[in-house]
Every structure is written in structure tokens, then in C-alpha cells.
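Chemist: Shown below is the structure under consideration.
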Amino acid sequence: MTDLAEKHAAADGTALRLADEQVNDMMAQLSGWKVADGKLRRDVQVKNFRAAVTLVNSIADVAEEQNHHPDICIYAWNKVSIELYTHTADGLSENDFIMAAKFNLLLPAFVKA
């Protein structure tokens, strides 16, 4: 199977909603993420507020490149919440898992040890 982080998110409107079994299979390929309220979610604690902002900007760069954008929130000055959901599929699609894998590659430089 191709590593998720090496894939490119499908074009807008072409991603299909995954069945629950497919979601479970994809979850096995990701660490640190959970499905909550039908969305793929990860909360991370970073070193400080500046690191939180820099992480959000790094995520934004990847999201723009892939044209698949997460909901992102900085809270409690050093925590970042990332949520993925494919609106056009009205649920989770492979795009969400591709993006989560790409975001996982960014996190080691920011996550508080």
C-alpha cells in the first residue's frame, strides 16, 4: 500500500465518502488521530504560543498545496486542534487521511517533548 503521506489529495468534489470499515482500515495507518463526531481530529501540545502559530502556518502551507483545508484552533496558548472532514463527501474521505499523514510529518518539530 502506498504511504498516505506520499499521496496527493483528490480534486475538489471527486473524493468519495468512506464506509466505516474503510475508515477503520485507514485509522490503522495513522498515529495520534481519532474520529470524533464524524471528523478526523488530533490535538497536540507544542512548546509555546509562537510554535503553535508556526505549526498552524505550516499546516496551512500543506493544505493550500493539496487544496484540502482543515479546521484549526489554537487554545490554551500552546495547544492546537486539527479537524479534517470532506464537506463535498459529507463525511470522511481518503483526502482527510492523506492530509492527516502529511500533518503528522510536520509535528515532531513542534510537539512538546
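Chains: A, B, ... in order of the C-alpha cells. Residues: from 1 per chain. Ligands: from 1, in order shown.
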Write out as a PyMOL selection string the residues lying within 10 Å of range 39-54 of chain A, counting only C-alpha atoms and excluding same-chain residues fewer than 6 positions away.

Modeler: chain A and resi 23+27+31-33+60+70-86+91-93+96-97+100+103-104+107-113

Chemist: Can you work out the spacing between CA of Leu55 in chain A and CA of Ile98 in chain A in Å, to one decimal?

Modeler: 17.7 Å

Chemist: Excluding Lys102 in chain A and residues on its chain fewer than 5 positions from it, collect all residues at most 8 Å away from it, counting only C-alpha atoms, and give them as a PDB file with N, CA and C atoms, in the first residue's frame.

Modeler:
```
ATOM      1  N   LEU A   4       0.339   6.958   2.876  1.00  0.00           N
ATOM      2  CA  LEU A   4      -0.640   8.047   2.737  1.00  0.00           C
ATOM      3  C   LEU A   4       0.008   9.402   2.533  1.00  0.00           C
ATOM      4  N   ALA A   5       1.094   9.660   3.243  1.00  0.00           N
ATOM      5  CA  ALA A   5       1.745  10.971   3.161  1.00  0.00           C
ATOM      6  C   ALA A   5       2.342  11.237   1.782  1.00  0.00           C
ATOM      7  N   GLU A   6       2.549  10.199   0.992  1.00  0.00           N
ATOM      8  CA  GLU A   6       3.106  10.369  -0.351  1.00  0.00           C
ATOM      9  C   GLU A   6       2.031  10.627  -1.403  1.00  0.00           C
ATOM     10  N   VAL A  62       0.681  23.272   3.625  1.00  0.00           N
ATOM     11  CA  VAL A  62       0.382  21.944   3.070  1.00  0.00           C
ATOM     12  C   VAL A  62      -1.057  21.906   2.561  1.00  0.00           C
TER      13      VAL A  62
END
```

Chemist: For Ala11 in chain A, find every residue with an atom within 9 Å (counting only C-alpha atoms), except residues of its own chain fewer than 5 positions away, and show them as a list in words.

Modeler: Gln66, Asn67 and His68 of chain A

Chemist: Go through A:Asn57, A:Gly38, A:Leu105, A:Glu64 and flag the residue nearest Arg17 in chain A, using only C-alpha atoms for the distances.

Modeler: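 Smallest distance to Arg17 in chain A is found for A:Gly38.
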
Chemist: Taking the chain letters and numbering used in this document, name the residues of chain A that DSSP puts in strand (DSSP E), as a ChimeraX atom specification.

Modeler: /A:34-36,39-45,71-75,79-84

Chemist: So that I can see what lies close to Ala15 in chain A, please list as a ChimeraX atom specification the residues with an atom at most 7 Å from it, counting only C-alpha atoms and leaving out residues fewer than 4 positions away in the same chain.

Modeler: /A:10,89,93,95

Chemist: Identify all residues of range 12-89 of chain A in alpha helix (DSSP H) (DSSP on the backbone) and supply them as a list in words.

Modeler: Asp20, Glu21, Gln22, Val23, Asn24, Asp25, Met26, Met27, Phe49, Arg50, Ala51, Ala52, Val53, Thr54, Leu55, Val56, Asn57, Ser58, Ile59, Ala60, Asp61, Val62, Ala63, Glu64, Glu65 and Gln66 of chain A
